[in-house]
Amino acid sequence: MDRERHPLPQRLIRPHLVLESEGTLHLLREFRRLFDTVKIDRSFVARVFDGAKERAVTAAIIALAHAAGMTVVAEGVETCEQLRLMHDLGADEIQGYFFSWPVPVSECDPFLQKRCDVERGGTA
């Protein structure tokens, strides 16, 4: 069969992950033993307002991580709306361009000092 003319549907070639209820607790214990933190990928954050399904999946990831005693970090937060929703869904930490572009290590101390000065009422 010529794949150019008859490509397989994406659903057939895309990998699927299935978590059966019998293994859920064991899997959570293993994840917790191996990892302390779950990061919500920026692709989830970017699509969280696309619909109820996207929001529900993100909320479920956060709930599952918390059930396992893990910290949740939302990556790629760029807007105030995303920040509010990730906070409302229970993300423990937020990172993204909303706060700052990546800063080289050599500039971290001056950057943080400037941010602290501004928060204390100084000027930037």
# chains A, B, ... in the order shown; residues from 1 in each chain; ligands from 1

call {"tool": "residues_around", "arguments": {"residues": "segment 70-72 of chain A", "least_positions_apart": "3", "cutoff": "12 Å", "atoms": "only C-alpha atoms", "output": "NGL selection string"}}
result
:A and (28-41 or 58-67 or 75 or 86-87 or 89-95)

call {"tool": "residues_around", "arguments": {"residues": "Leu83 of chain A", "least_positions_apart": "6", "cutoff": "9 Å", "atoms": "only C-alpha atoms", "output": "MDAnalysis selection string"}}
result
chainID A and resid 74 77 94 98

call {"tool": "select_by_dssp", "arguments": {"residues": "segment 40-114 of chain A", "states": "alpha helix (DSSP H)", "output": "MDAnalysis selection string"}}
result
chainID A and resid 42:47 52:67 80:89 105:114
